[in-house]
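Notes follow once the structure below has been shown.
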Amino acid sequence: MTELGELRKRYGDILERGVEVVAVSVDPPEISERLRRRLRLEIRFLSDREGVLLDRLGIRHRGGRPPAALMPPGHRQQVDDRDIFMPTTFLVSVPVVTDAPATILWVYRPASYRVRATPDQVIAAIDAIAPASR
């Protein structure tokens, strides 16, 4: 099951802690919406087609895409751009004052594009940051 599918199982536990999950993807909005519906997810997807936010977060892996011959069947495509974005998880505090900057409170940055934070890791990080939210 995908990371998002696993997250769906624990989404109630995350919502209980007052946390909203937002996925940022370089995919077009219609692709993300199809995925959201197929997995029956309640989370929001934001489209960052050019990777502007993802570059600001420093998670572009230049030249990291494996050659098409190494990709799983169904994922092979002709791609000129060899960059990938690492599936990084952030916990961010969004200020009440709208013009104040958000603060990154926790980051899970994998060494491989195949690794993702588990829902248990995310929930443990939320609890470590704000134990009173339980």
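In the structure tokens, the first chain shown is A, the next is B, and so on; residue numbers restart at 1 for each chain, and ligands run from 1 in the order shown.
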
Would you give me, as a PDB file with C-alpha atoms, in the first residue's frame, the residues in chain A that DSSP reads as strand (DSSP E)?
ATOM      1  CA  VAL A  22      -1.428  18.750   2.904  1.00  0.00           C
ATOM      2  CA  ALA A  23       0.411  16.927   0.129  1.00  0.00           C
ATOM      3  CA  VAL A  24       2.535  18.940  -2.299  1.00  0.00           C
ATOM      4  CA  SER A  25       3.171  17.345  -5.669  1.00  0.00           C
ATOM      5  CA  ARG A  44      -5.644  18.489   0.303  1.00  0.00           C
ATOM      6  CA  PHE A  45      -3.175  18.348  -2.562  1.00  0.00           C
ATOM      7  CA  LEU A  46      -1.277  21.391  -3.753  1.00  0.00           C
ATOM      8  CA  SER A  47       0.249  21.390  -7.202  1.00  0.00           C
ATOM      9  CA  ARG A  60      15.088  18.402  -5.281  1.00  0.00           C
ATOM     10  CA  HIS A  61      17.499  15.563  -6.075  1.00  0.00           C
ATOM     11  CA  ILE A  84      13.149  13.980  -8.626  1.00  0.00           C
ATOM     12  CA  PHE A  85      11.809  15.411  -5.413  1.00  0.00           C
ATOM     13  CA  THR A  89       7.575  15.065   5.448  1.00  0.00           C
ATOM     14  CA  PHE A  90       7.389  18.381   7.293  1.00  0.00           C
ATOM     15  CA  LEU A  91       5.451  19.420  10.357  1.00  0.00           C
ATOM     16  CA  VAL A  92       4.862  23.138  10.036  1.00  0.00           C
ATOM     17  CA  SER A  93       3.393  25.610  12.490  1.00  0.00           C
ATOM     18  CA  THR A 103       7.911  27.619  11.075  1.00  0.00           C
ATOM     19  CA  ILE A 104       9.180  24.139  10.225  1.00  0.00           C
ATOM     20  CA  LEU A 105       9.024  22.116  13.452  1.00  0.00           C
ATOM     21  CA  TRP A 106      10.068  18.650  12.239  1.00  0.00           C
ATOM     22  CA  VAL A 107      11.476  17.151   9.045  1.00  0.00           C
ATOM     23  CA  TYR A 108      11.696  13.561   7.861  1.00  0.00           C
TER      24      TYR A 108
END

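Nearest residue to Gly58 in chain A among A:Pro29, A:Gly18, A:Thr88, A:Val122 is A:Thr88, counting only C-alpha atoms.
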
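Nearest residue to Leu7 in chain A among A:Ala117, A:Ile31, A:Ala125, A:Val52 is A:Ala117, counting only C-alpha atoms.
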
Find the residues near range 9-11 of chain A: any atom within 12 Å, counting only C-alpha atoms, skip ones fewer than 2 places away on the same chain, and give them as a ChimeraX atom specification.
-> /A:1-7,13-22,39-43,118-123

request  = Quick one: pull the distance between CA of Leu35 in chain A and CA of Glu50 in chain A, Å, one decimal.
outcome  =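 Computing the Euclidean distance for CA of Leu35 in chain A and CA of Glu50 in chain A yields 19.7 Å.
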
Would you please give, as a PyMOL selection string, all residues of range 6-131 of chain A that DSSP assigns to alpha helix (DSSP H) based on the backbone? chain A and resi 6-16+29-38+52-56+119-129

Using only C-alpha atoms, the residue out of A:Arg49, A:Arg65, A:Arg116, A:Arg38 with shortest distance to Asp83 in chain A is A:Arg65

Closest of A:Pro28, A:Met86, A:Asp48, A:Arg8 to Tyr113 in chain A, counting only C-alpha atoms, is A:Met86

- Message: From the options A:Asp99, A:Ala128, A:Val26, A:Ala111, which residue's atoms come nearest to Asp55 in chain A, counting only C-alpha atoms?
- Response: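 Looking only at the distances to Asp55 in chain A, the closest residue turns out to be A:Val26.
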